[in-house]
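Next comes input09.txt, with compact mmCIF, C-alpha atoms and all ligand atoms.
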```txt
# COMPACT_ATOMS: atom_id res chain seq x y z
CA MET E 206 0.00 0.00 0.00
CA THR E 207 1.29 3.48 -0.84
CA SER E 208 1.62 5.36 2.41
CA HIS E 209 4.43 7.90 2.10
CA ILE E 210 4.49 10.45 -0.70
CA ALA E 211 7.53 12.68 -1.24
CA ILE E 212 6.95 15.90 -3.14
CA VAL E 213 9.72 17.97 -4.70
CA GLY E 214 9.02 21.71 -4.90
CA ALA E 215 7.16 23.99 -2.47
CA GLY E 216 5.53 26.17 -5.12
CA ILE E 217 1.75 26.13 -5.59
CA VAL E 218 1.81 22.92 -7.65
CA GLY E 219 3.86 20.91 -5.13
CA LEU E 220 1.92 22.25 -2.13
CA SER E 221 -1.44 21.60 -3.83
CA HIS E 222 -0.37 17.98 -4.27
CA ALA E 223 0.70 17.87 -0.62
CA VAL E 224 -2.70 19.12 0.61
CA ALA E 225 -4.54 16.62 -1.62
CA ALA E 226 -2.30 13.78 -0.38
CA LEU E 227 -2.85 14.70 3.29
CA ASP E 228 -6.61 14.88 2.67
CA ALA E 229 -6.44 11.38 1.19
CA GLY E 230 -4.70 10.03 4.31
CA TYR E 231 -1.08 9.75 3.10
CA ARG E 232 2.04 10.72 5.00
CA VAL E 233 3.71 13.55 3.09
CA THR E 234 7.22 14.99 2.93
CA VAL E 235 7.77 18.11 0.81
CA ILE E 236 11.35 19.05 -0.06
CA GLU E 237 12.33 22.47 -1.38
CA GLN E 238 15.83 23.50 -2.48
CA ASP E 239 15.58 27.08 -1.19
CA SER E 240 15.05 28.22 2.38
CA ARG E 241 11.60 29.35 1.18
CA ALA E 242 9.86 29.17 -2.18
CA VAL E 243 10.87 32.24 -4.22
CA LEU E 244 10.15 31.29 -7.84
CA ALA E 245 7.02 31.53 -10.00
CA SER E 246 4.48 31.07 -7.22
CA ILE E 247 5.45 34.21 -5.32
CA ARG E 248 6.20 36.35 -8.39
CA ASN E 249 2.78 36.16 -10.04
CA PHE E 250 -0.43 38.22 -9.82
CA GLY E 251 -2.17 35.73 -7.56
CA HIS E 252 -4.99 35.71 -10.08
CA VAL E 253 -7.14 32.58 -10.00
CA CYS E 254 -8.55 33.35 -13.43
CA THR E 255 -11.04 30.52 -13.83
CA SER E 256 -13.51 32.26 -16.13
CA VAL E 257 -11.15 33.05 -18.99
CA GLN E 258 -9.74 29.53 -19.50
CA ALA E 259 -10.93 27.07 -22.13
CA GLY E 260 -10.33 23.45 -23.16
CA GLU E 261 -8.64 21.00 -20.76
CA VAL E 262 -7.17 23.79 -18.64
CA GLY E 263 -10.67 25.33 -18.53
CA GLU E 264 -11.97 22.12 -16.95
CA LEU E 265 -9.08 22.08 -14.49
CA ALA E 266 -9.70 25.74 -13.67
CA ARG E 267 -13.36 25.03 -12.91
CA GLU E 268 -12.36 22.11 -10.66
CA ALA E 269 -9.74 24.23 -8.91
CA ASN E 270 -12.01 27.19 -8.14
CA PRO E 271 -13.99 25.55 -5.27
CA LEU E 272 -10.74 23.97 -4.02
CA TRP E 273 -9.20 27.45 -3.71
CA ARG E 274 -12.25 28.64 -1.75
CA SER E 275 -12.03 25.65 0.55
CA LEU E 276 -8.25 26.10 1.00
CA ALA E 277 -8.81 29.73 2.02
CA GLU E 278 -11.44 28.65 4.53
CA ARG E 279 -9.53 25.70 5.98
CA THR E 280 -5.98 27.03 6.04
CA GLY E 281 -6.53 30.78 6.41
CA ILE E 282 -4.38 31.65 3.35
CA GLU E 283 -4.99 35.10 1.87
CA ALA E 284 -7.31 34.41 -1.07
CA ARG E 285 -10.62 36.16 -1.68
CA VAL E 286 -13.42 35.92 -4.23
CA SER E 287 -12.65 39.14 -6.06
CA GLY E 288 -14.06 38.52 -9.52
CA THR E 289 -12.31 39.52 -12.71
CA LEU E 290 -13.19 42.73 -14.54
CA ALA E 291 -12.23 42.81 -18.24
CA VAL E 292 -12.31 46.38 -19.50
CA ALA E 293 -12.99 47.42 -23.12
CA ARG E 294 -11.58 50.70 -24.40
CA SER E 295 -12.35 50.24 -28.12
CA ALA E 296 -15.21 48.89 -30.21
CA ALA E 297 -13.09 45.83 -31.12
CA GLU E 298 -12.47 45.05 -27.44
CA GLU E 299 -16.13 45.54 -26.65
CA ALA E 300 -17.06 43.03 -29.38
CA VAL E 301 -14.80 40.41 -27.71
CA LEU E 302 -16.58 40.94 -24.39
CA VAL E 303 -20.00 40.66 -26.02
CA GLU E 304 -18.91 37.34 -27.57
CA LEU E 305 -17.70 36.10 -24.19
CA ALA E 306 -20.94 37.17 -22.47
CA GLU E 307 -22.90 35.07 -24.98
CA GLN E 308 -21.12 31.94 -23.68
CA LYS E 309 -21.74 32.74 -19.99
CA ASP E 310 -24.91 32.86 -17.95
CA ALA E 311 -25.67 36.09 -16.11
CA ALA E 312 -24.33 34.84 -12.76
CA GLU E 313 -20.97 33.95 -14.35
CA GLY E 314 -20.40 37.03 -16.49
CA GLU E 315 -22.29 40.30 -16.58
CA LEU E 316 -21.71 43.04 -19.16
CA LEU E 317 -21.21 46.44 -17.52
CA THR E 318 -21.65 49.96 -18.86
CA ALA E 319 -18.77 52.45 -18.77
CA GLY E 320 -20.28 54.00 -15.64
CA GLN E 321 -20.54 50.64 -13.89
CA VAL E 322 -16.91 49.85 -14.75
CA ALA E 323 -15.90 53.25 -13.35
CA ASP E 324 -17.79 52.40 -10.12
CA GLN E 325 -15.96 49.05 -9.84
CA LEU E 326 -12.63 50.89 -10.13
CA ARG E 327 -13.83 53.85 -8.05
CA LEU E 328 -13.02 56.25 -10.90
CA ALA E 329 -14.65 59.69 -10.92
CA THR E 330 -15.32 59.36 -14.68
CA PRO E 331 -14.97 56.45 -17.14
CA GLY E 332 -12.47 58.36 -19.33
CA GLU E 333 -11.63 56.15 -22.34
CA ILE E 334 -13.50 53.11 -20.91
CA ARG E 335 -16.43 51.96 -23.12
CA SER E 336 -17.72 48.93 -21.19
CA GLY E 337 -16.62 45.79 -19.34
CA ILE E 338 -17.55 42.34 -18.17
CA LEU E 339 -17.50 41.24 -14.54
CA LEU E 340 -16.68 37.56 -14.08
CA ALA E 341 -17.80 37.25 -10.50
CA GLY E 342 -16.45 33.85 -9.44
CA ASP E 343 -12.69 34.35 -9.88
CA LEU E 344 -10.32 34.79 -6.94
CA THR E 345 -7.33 36.92 -6.07
CA ALA E 346 -4.69 35.47 -3.76
CA ASN E 347 -1.75 37.24 -2.21
CA PRO E 348 1.21 35.53 -3.89
CA ARG E 349 3.61 36.97 -1.32
CA THR E 350 2.02 34.99 1.52
CA VAL E 351 0.07 32.07 0.06
CA VAL E 352 2.78 29.48 -0.49
CA ALA E 353 4.60 30.29 2.76
CA ASP E 354 1.35 29.98 4.72
CA LEU E 355 0.34 26.76 2.96
CA ALA E 356 3.79 25.25 3.64
CA ARG E 357 3.35 26.12 7.34
CA TRP E 358 -0.10 24.50 7.38
CA ILE E 359 1.35 21.31 5.84
CA ALA E 360 4.29 21.28 8.28
CA ASP E 361 1.85 21.62 11.21
CA HIS E 362 -0.28 18.69 9.96
CA GLU E 363 0.33 15.47 11.95
CA ARG E 364 1.19 13.55 8.76
CA GLY E 365 2.97 16.44 7.00
CA GLU E 366 6.61 17.56 6.87
CA VAL E 367 8.35 20.29 4.87
CA ARG E 368 12.13 20.28 4.50
CA PHE E 369 13.49 23.53 3.13
CA GLY E 370 17.12 23.87 1.97
CA THR E 371 16.97 20.32 0.56
CA THR E 372 17.74 19.77 -3.13
CA LEU E 373 16.76 16.65 -5.04
CA PHE E 374 19.58 15.22 -7.19
CA GLY E 375 17.74 12.13 -8.46
CA VAL E 376 15.41 9.23 -7.63
CA ARG E 377 16.65 5.60 -7.41
CA GLU E 378 14.39 2.58 -7.89
CA GLY E 379 14.51 -0.38 -5.49
CA GLN E 380 12.30 -1.88 -2.81
CA HIS E 381 11.20 1.70 -2.14
CA LEU E 382 11.89 4.77 -4.20
CA THR E 383 14.90 6.60 -2.79
CA LEU E 384 15.33 10.34 -3.17
CA GLU E 385 19.00 11.33 -3.27
CA THR E 386 19.11 14.83 -1.78
CA SER E 387 21.66 17.39 -0.60
CA ARG E 388 20.73 16.33 2.96
CA GLY E 389 20.79 12.57 2.55
CA LYS E 390 18.38 9.92 1.36
CA ILE E 391 14.59 9.87 1.77
CA ALA E 392 12.57 6.67 1.19
CA ALA E 393 9.08 7.03 -0.28
CA ASP E 394 6.40 4.88 -1.91
CA ARG E 395 5.53 7.55 -4.46
CA VAL E 396 7.33 10.71 -5.62
CA ILE E 397 5.82 13.81 -7.22
CA ILE E 398 8.17 16.23 -8.97
CA ALA E 399 6.75 19.78 -9.09
CA ALA E 400 9.94 21.64 -9.99
CA GLY E 401 8.30 24.34 -12.17
CA HIS E 402 10.56 25.66 -14.93
CA LEU E 403 13.52 23.77 -13.43
CA VAL E 404 12.04 20.38 -14.44
CA GLY E 405 14.65 20.01 -17.21
CA ARG E 406 17.50 20.04 -14.66
CA LEU E 407 16.11 16.75 -13.30
CA PHE E 408 14.58 15.21 -16.45
CA PRO E 409 16.19 16.83 -19.52
CA ASP E 410 14.78 14.35 -22.04
CA LEU E 411 11.25 14.68 -20.70
CA ALA E 412 11.38 18.48 -20.72
CA GLY E 413 13.03 18.88 -24.13
CA ASP E 414 10.35 21.30 -25.39
CA VAL E 415 10.11 23.31 -22.15
CA ARG E 416 11.52 26.83 -22.34
CA GLU E 417 11.65 29.71 -19.86
CA CYS E 418 8.96 32.34 -20.31
CA VAL E 419 10.19 35.60 -18.80
CA LEU E 420 7.78 38.26 -17.53
CA GLN E 421 8.33 41.81 -16.26
CA MET E 422 6.25 42.82 -13.25
CA ALA E 423 5.84 45.79 -10.93
CA ARG E 424 4.12 46.64 -7.68
CA VAL E 425 2.64 50.14 -7.74
CA ARG E 426 0.70 52.28 -5.31
CA ALA E 427 -3.01 52.42 -6.21
CA PRO E 428 -3.58 55.91 -7.68
CA HIS E 429 -6.68 56.37 -5.50
CA ASP E 430 -8.56 54.33 -2.87
CA MET E 431 -9.82 51.44 -4.97
CA GLY E 432 -11.41 49.47 -2.15
CA LEU E 433 -9.90 46.03 -2.85
CA GLY E 434 -11.96 45.23 -5.94
CA PRO E 435 -11.63 42.75 -8.82
CA ALA E 436 -8.60 41.63 -10.80
CA VAL E 437 -8.52 43.76 -13.95
CA LEU E 438 -7.81 42.61 -17.53
CA SER E 439 -7.40 44.86 -20.58
CA GLY E 440 -7.52 44.48 -24.37
CA THR E 441 -4.15 42.69 -24.59
CA SER E 442 -5.42 40.11 -22.04
CA MET E 443 -8.28 39.39 -24.46
CA LEU E 444 -5.67 38.22 -26.97
CA ARG E 445 -4.12 35.68 -24.58
CA TYR E 446 -6.80 33.65 -22.78
CA GLY E 447 -8.69 30.77 -24.42
CA ALA E 448 -12.21 31.86 -23.45
CA PHE E 449 -11.90 35.06 -25.50
CA ALA E 450 -11.18 33.11 -28.73
CA GLY E 451 -13.53 33.79 -31.66
CA PRO E 452 -13.98 36.07 -34.66
CA ALA E 453 -14.00 39.22 -32.50
CA GLN E 454 -10.64 38.23 -31.01
CA ASP E 455 -9.19 37.83 -34.54
CA ALA E 456 -10.44 41.33 -35.40
CA LEU E 457 -8.95 42.73 -32.17
CA ARG E 458 -5.59 41.14 -33.00
CA GLU E 459 -5.62 42.83 -36.42
CA GLU E 460 -6.55 46.16 -34.80
CA THR E 461 -3.77 45.84 -32.21
CA GLU E 462 -1.24 44.93 -34.94
CA ARG E 463 -2.22 48.11 -36.74
CA LEU E 464 -2.56 50.54 -33.83
CA ARG E 465 -0.39 49.17 -30.97
CA PRO E 466 2.24 46.84 -32.54
CA GLU E 467 4.64 47.66 -29.70
CA LEU E 468 2.34 45.87 -27.23
CA LEU E 469 2.37 42.72 -29.36
CA GLU E 470 6.16 42.97 -29.74
CA ILE E 471 6.60 42.67 -25.96
CA GLY E 472 3.89 39.99 -25.61
CA ALA E 473 1.90 42.32 -23.35
CA ASN E 474 -0.96 41.19 -21.17
CA VAL E 475 -1.70 44.45 -19.38
CA MET E 476 -3.52 43.54 -16.17
CA PHE E 477 -3.37 44.02 -12.44
CA THR E 478 -4.59 42.57 -9.17
CA GLN E 479 -5.45 44.54 -6.04
CA GLN E 480 -3.72 43.54 -2.83
CA PRO E 481 -4.82 44.15 0.78
CA ASP E 482 -2.02 46.68 1.44
CA GLY E 483 -3.45 49.05 -1.18
CA THR E 484 -0.90 48.18 -3.84
CA LEU E 485 -1.48 46.80 -7.33
CA LEU E 486 0.53 44.01 -8.95
CA VAL E 487 0.89 45.19 -12.56
CA GLY E 488 2.27 43.36 -15.58
CA ASP E 489 3.20 41.72 -17.78
CA SER E 490 5.31 41.04 -20.85
CA HIS E 491 6.31 37.66 -22.30
CA ASP E 492 9.62 36.60 -23.85
CA TYR E 493 11.04 33.10 -24.34
CA PHE E 494 14.53 31.70 -23.72
CA ASP E 495 16.40 28.45 -23.03
CA ALA E 496 18.19 30.27 -20.19
CA ALA E 497 16.59 33.57 -19.19
CA PRO E 498 18.85 36.66 -19.05
CA PRO E 499 18.18 38.55 -15.80
CA PHE E 500 17.90 42.05 -17.29
CA LEU E 501 14.69 44.07 -17.13
CA ASP E 502 14.03 46.33 -20.15
CA GLU E 503 12.89 49.77 -18.99
CA ARG E 504 11.08 50.45 -22.28
CA TRP E 505 8.98 47.34 -21.76
CA SER E 506 8.11 48.42 -18.21
CA ASP E 507 7.18 51.88 -19.48
CA LEU E 508 4.81 50.43 -22.08
CA LEU E 509 3.06 48.18 -19.56
CA LEU E 510 2.77 50.86 -16.89
CA ALA E 511 1.60 53.55 -19.32
CA ASP E 512 -1.23 51.33 -20.55
CA ALA E 513 -2.28 50.38 -17.00
CA ALA E 514 -2.14 54.07 -15.98
CA ALA E 515 -4.30 55.09 -18.96
CA LEU E 516 -6.91 52.49 -17.98
CA LEU E 517 -6.97 53.99 -14.49
CA GLY E 518 -7.32 57.51 -15.88
CA THR E 519 -3.97 58.72 -14.61
CA ASP E 520 -0.67 59.80 -16.25
CA MET E 521 1.73 57.84 -14.12
CA LEU E 522 1.80 55.07 -11.53
CA GLU E 523 4.19 55.18 -8.60
CA VAL E 524 6.39 52.09 -8.78
CA ILE E 525 7.41 50.50 -5.49
CA GLU E 526 9.16 47.37 -6.80
CA ARG E 527 10.00 45.65 -10.07
CA TRP E 528 10.91 42.02 -10.66
CA GLN E 529 11.26 39.30 -13.21
CA GLY E 530 9.15 36.15 -13.13
CA ILE E 531 9.81 32.94 -15.00
CA TYR E 532 7.44 30.11 -15.75
CA ALA E 533 7.78 26.89 -17.73
CA SER E 534 6.52 27.24 -21.28
CA SER E 535 5.96 24.90 -24.19
CA SER E 536 4.53 25.61 -27.63
CA GLU E 537 3.36 21.98 -27.87
CA ARG E 538 1.34 21.48 -24.68
CA GLU E 539 -0.16 23.29 -21.69
CA LEU E 540 0.74 20.61 -19.14
CA LEU E 541 3.60 18.18 -18.72
CA ARG E 542 2.41 15.08 -16.84
CA GLU E 543 4.68 12.06 -17.17
CA GLU E 544 5.83 9.05 -15.16
CA PRO E 545 9.49 8.62 -16.23
CA ILE E 546 10.13 6.05 -13.46
CA PRO E 547 7.34 3.82 -12.08
CA GLY E 548 5.88 5.64 -9.06
CA VAL E 549 7.46 9.00 -9.97
CA SER E 550 5.00 11.59 -11.34
CA VAL E 551 6.34 14.74 -12.95
CA VAL E 552 3.78 17.58 -13.02
CA THR E 553 4.63 20.93 -14.62
CA VAL E 554 2.25 23.59 -15.89
CA THR E 555 3.74 24.74 -19.20
CA THR E 556 1.62 27.85 -19.65
CA GLY E 557 1.13 30.77 -17.24
CA ILE E 558 -1.82 29.50 -15.21
CA GLY E 559 -0.38 27.30 -12.47
CA MET E 560 -1.95 29.44 -9.73
CA THR E 561 -5.36 28.95 -11.30
CA ILE E 562 -5.23 25.19 -11.81
CA GLY E 563 -2.70 23.99 -9.19
CA PRO E 564 -5.24 22.62 -6.66
CA ALA E 565 -7.09 20.65 -9.36
CA LEU E 566 -3.86 19.13 -10.65
CA GLY E 567 -3.01 18.03 -7.10
CA ALA E 568 -6.44 16.49 -6.59
CA ARG E 569 -6.34 14.67 -9.94
CA THR E 570 -2.83 13.23 -9.46
CA ILE E 571 -3.58 11.93 -5.96
CA ALA E 572 -6.95 10.49 -7.05
CA SER E 573 -5.11 8.54 -9.78
CA PHE E 574 -2.98 6.58 -7.23
C1 LIG E 601 5.11 36.96 -13.41
C2 LIG E 601 4.17 35.81 -13.40
C3 LIG E 601 2.80 36.04 -13.33
C4 LIG E 601 1.92 34.96 -13.30
N1 LIG E 601 0.61 35.20 -13.05
C5 LIG E 601 -0.23 34.16 -12.85
C6 LIG E 601 -1.55 34.38 -12.42
O1 LIG E 601 -1.95 35.49 -12.11
N2 LIG E 601 -2.38 33.30 -12.36
C7 LIG E 601 -1.95 32.04 -12.63
O2 LIG E 601 -2.76 31.12 -12.58
N3 LIG E 601 -0.66 31.80 -12.90
C8 LIG E 601 0.20 32.81 -13.03
N4 LIG E 601 1.51 32.59 -13.34
C9 LIG E 601 1.97 31.20 -13.49
C10 LIG E 601 2.18 30.55 -12.14
O3 LIG E 601 2.86 31.43 -11.28
C11 LIG E 601 2.97 29.25 -12.30
O4 LIG E 601 2.35 28.44 -13.30
C12 LIG E 601 3.02 28.48 -11.00
O5 LIG E 601 3.46 29.32 -9.96
C13 LIG E 601 3.94 27.28 -11.13
O6 LIG E 601 4.00 26.67 -9.86
P1 LIG E 601 5.08 25.56 -9.56
O7 LIG E 601 4.86 25.12 -8.16
O8 LIG E 601 5.05 24.53 -10.64
O9 LIG E 601 6.47 26.29 -9.76
P2 LIG E 601 7.35 27.18 -8.76
O10 LIG E 601 6.55 28.14 -8.01
O11 LIG E 601 8.46 27.72 -9.60
O12 LIG E 601 7.89 26.13 -7.72
C14 LIG E 601 8.80 25.11 -8.07
C15 LIG E 601 9.63 24.86 -6.82
O13 LIG E 601 10.43 23.70 -7.01
C16 LIG E 601 11.67 23.92 -6.38
N5 LIG E 601 12.66 23.00 -6.97
C17 LIG E 601 13.01 22.91 -8.27
N6 LIG E 601 13.94 21.94 -8.45
C18 LIG E 601 14.17 21.41 -7.21
C19 LIG E 601 15.03 20.38 -6.75
N7 LIG E 601 15.85 19.69 -7.58
N8 LIG E 601 15.02 20.07 -5.43
C20 LIG E 601 14.19 20.75 -4.56
N9 LIG E 601 13.37 21.76 -4.97
C21 LIG E 601 13.36 22.08 -6.28
C22 LIG E 601 11.96 25.38 -6.70
O14 LIG E 601 12.92 25.92 -5.82
C23 LIG E 601 10.59 26.01 -6.56
O15 LIG E 601 10.35 26.55 -5.27
C24 LIG E 601 2.41 33.64 -13.39
C25 LIG E 601 3.79 33.41 -13.48
C26 LIG E 601 4.65 34.48 -13.47
C27 LIG E 601 6.13 34.21 -13.52
```
Can you present the structure in this file as structure tokens?
Ligand SMILES: Cc1cc2nc3c(=O)[nH]c(=O)nc-3n(C[C@H](O)[C@H](O)[C@H](O)COP(=O)(O)OP(=O)(O)OC[C@H]3O[C@@H](n4cnc5c(N)ncnc54)[C@H](O)[C@@H]3O)c2cc1C
Amino acid sequence: MTSHIAIVGAGIVGLSHAVAALDAGYRVTVIEQDSRAVLASIRNFGHVCTSVQAGEVGELAREANPLWRSLAERTGIEARVSGTLAVARSAAEEAVLVELAEQKDAAEGELLTAGQVADQLRLATPGEIRSGILLAGDLTANPRTVVADLARWIADHERGEVRFGTTLFGVREGQHLTLETSRGKIAADRVIIAAGHLVGRLFPDLAGDVRECVLQMARVRAPHDMGLGPAVLSGTSMLRYGAFAGPAQDALREETERLRPELLEIGANVMFTQQPDGTLLVGDSHDYFDAAPPFLDERWSDLLLADAAALLGTDMLEVIERWQGIYASSSERELLREEPIPGVSVVTVTTGIGMTIGPALGARTIASF
């Protein structure tokens, strides 16, 4: 009988697997190479963007949404049902939102007038805003605290253990599986590898098509009291997420190519989430490498921040911090789920939605044992 599961990686994917395994009655050991998780799961927007996903990841996102709510309730992590507000500032953007609204029932997605969008954002006037859609069921988590708090909850569980500062070198087969780590061997019945974009360091053949997607992010002071409202998406977001796909999206892409080619050049998805301390997490750009250079391009930041500022009816946003995020990316698939050694499951999200679907991936993997 499988009783002890070892999990490599204390990001949202590894910890989601750990919670699901504890819920199913297993003993769980999580190992994490750093003294705390500092990669993709703390560098993101914390946006659980269920409503804008489609296809297999759409199904996973829908499964994950109630799991996020239950995690927040059970573990006290900072995650709230915030909704997502997608804002249209041109006729082409508005057409994409109308198409999306046709697929949703009123409780899921409600079209808003310019004035209603302004109210959501607590703007005195709508400015260039034409309309919006409020997708009420999505969540916003605080990425700065969520994985640290979840790791603590797992460590406090009677069958849970988290070992930070412990790097996996490899897994050996035998009577048990043996994890060879920087702090000695660990025996386990099952192993889950949730190493994020570093998966290729452990399984280079498996991760041959996985590249590093690099994103530029900033934390800014909210330009006015915004009252902790929804996560906000803009026109460039409508070009990225599956649920916006359709003829209106094609027309918007053509319009953006014509009028704002610089935003396409930097792979912009201008969006932000609102955090409890009154700051906004604003991003992001997308660029792809085998090994990401660490340098942030100021022009790219300027483009992202100027577009976010315009949406908020202001000239400039006060930047508090900037950083680079990296996630695993593949042009061939959205998920990497393989079993390279019997009993060893490798789970990597190869598109930028691991926060949204992590809990569902954990639940599905554990249910498959
Ligand atoms: C800027 C940015 C914004 C994003 N915004 C969103 C968003 O709003 N919503 C959304 O759904 N998704 C978003 N994403 C994507 C999301 O953050 C990722 O998909 C998700 O965090 C991946 O989680 P993970 O646990 O697989 O990886 P990680 O968080 O990178 O965790 C992997 C962990 O494994 C550890 N590890 C690796 N190798 C070893 C080893 N050999 N031994 C021990 N430990 C090891 C690493 O140290 C790391 O802590 C964003 C990503 C970025 C970068």
Proximity of chain E to ligand LIG 601 (chain E): per-residue shortest pair, 7 Å limit, only C-alpha atoms and all ligand atoms, as CSV:
```
residue,atom,partner,partner_atom,distance
E:Val213,CA,E:LIG601,C20,5.3
E:Gly214,CA,E:LIG601,O13,3.2
E:Ala215,CA,E:LIG601,O15,5.0
E:Gly216,CA,E:LIG601,O7,3.3
E:Ile217,CA,E:LIG601,O7,4.2
E:Val218,CA,E:LIG601,O7,3.8
E:Gly219,CA,E:LIG601,O7,5.3
E:Ile236,CA,E:LIG601,C20,5.6
E:Glu237,CA,E:LIG601,N9,3.8
E:Gln238,CA,E:LIG601,C20,3.8
E:Asp239,CA,E:LIG601,O14,5.5
E:Ala242,CA,E:LIG601,O15,4.1
E:Val243,CA,E:LIG601,O15,5.8
E:Leu244,CA,E:LIG601,O11,4.3
E:Ala245,CA,E:LIG601,O10,4.0
E:Ser246,CA,E:LIG601,O5,3.4
E:Ile247,CA,E:LIG601,O10,6.7
E:Arg248,CA,E:LIG601,C1,5.2
E:Asn249,CA,E:LIG601,C3,3.3
E:Phe250,CA,E:LIG601,O1,3.9
E:Gly251,CA,E:LIG601,O1,4.6
E:His252,CA,E:LIG601,O1,3.7
E:Val253,CA,E:LIG601,O2,5.3
E:Cys254,CA,E:LIG601,N2,6.3
E:Thr371,CA,E:LIG601,C20,5.8
E:Thr372,CA,E:LIG601,N8,3.6
E:Leu373,CA,E:LIG601,N8,3.9
E:Phe374,CA,E:LIG601,N7,5.8
E:Ala399,CA,E:LIG601,O8,5.3
E:Ala400,CA,E:LIG601,O13,3.7
E:Gly401,CA,E:LIG601,O8,3.6
E:His402,CA,E:LIG601,O11,6.1
E:Leu403,CA,E:LIG601,C17,5.3
E:Val404,CA,E:LIG601,N6,6.5
E:Leu407,CA,E:LIG601,N7,6.4
E:Val419,CA,E:LIG601,C27,6.8
E:Leu420,CA,E:LIG601,C1,5.1
E:Gln421,CA,E:LIG601,C1,6.5
E:Met422,CA,E:LIG601,C1,6.0
E:Asp489,CA,E:LIG601,C1,6.7
E:Gln529,CA,E:LIG601,C1,6.6
E:Gly530,CA,E:LIG601,C27,3.6
E:Ile531,CA,E:LIG601,C27,4.2
E:Tyr532,CA,E:LIG601,C27,4.8
E:Thr553,CA,E:LIG601,O8,5.4
E:Val554,CA,E:LIG601,O4,5.5
E:Thr556,CA,E:LIG601,O4,6.4
E:Gly557,CA,E:LIG601,C9,3.9
E:Ile558,CA,E:LIG601,O2,3.2
E:Gly559,CA,E:LIG601,O4,3.1
E:Met560,CA,E:LIG601,O2,3.4
E:Thr561,CA,E:LIG601,O2,3.6
E:Ile562,CA,E:LIG601,O2,6.5
```
Any idea what the distance is between atom CA of E:Asp507 and atom CA of E:Met521?
9.7 Å
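Shortest separation to E:Pro564 among E:Leu355, E:Ile338, E:Val437, E:Val303 occurs at residue E:Leu355, atoms counted being all atoms listed in the file.
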If we count only C-alpha atoms, what is near E:Arg285 at a cut-off of 12 Å, once residues fewer than 6 positions away on the same chain are taken out, given as a list in words?
Gly251, His252, Val253, Asn270, Pro271, Trp273, Arg274, Ser275, Leu276, Ala277, Glu278, Ala341, Gly342, Asp343, Leu344, Thr345, Ala346, Asn347, Val351, Leu433, Gly434, Pro435, Ala436, Thr478, Gln479, Gln480 and Pro481 of chain E
Given all atoms listed in the file as the basis, pick out the residue of E:Glu544, E:Glu304, E:Glu299, E:Glu264 nearest to E:Leu317.
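Going through E:Glu544, E:Glu304, E:Glu299, E:Glu264 one by one, the smallest distance to E:Leu317 is for E:Glu299.
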Please list as a PyMOL selection string every residue within 12 Å of E:Ala306, counting only C-alpha atoms and excluding residues in the same chain fewer than 3 positions away.
chain E and resi 256-257+291+299-303+309-317+337-340+448-449
One decimal, Å: what's the distance from atom CA of E:Ala319 over to atom CA of E:Ser295, could you say?
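Result for atom CA of E:Ala319 versus atom CA of E:Ser295: 11.6 Å, one decimal.
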Produce the centre coordinates and the three edge lengths, each in Å to one decimal, of the box along x, y and z that contains all listed atoms of stretch 512-526 of chain E with 8 Å added on each side, as AutoDock Vina command-line options.
```
--center_x 0.9 --center_y 53.6 --center_z -13.0 --size_x 32.5 --size_y 28.4 --size_z 31.1
```
Hey, can you check how far atom CA of E:Val425 sits from atom CA of E:Leu438?
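These atoms are spaced 16.2 Å apart.
Checking E:Arg357, E:Arg542, E:Arg504, E:Lys390 one by one against E:Leu220, counting all atoms listed in the file, you find the shortest gap at E:Arg357.
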Which is closest to E:Thr234 among E:Arg364, E:Ala293, E:Gln325, E:Pro331, if we use all atoms listed in the file?
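Nearest candidate to E:Thr234 out of E:Arg364, E:Ala293, E:Gln325, E:Pro331: E:Arg364.
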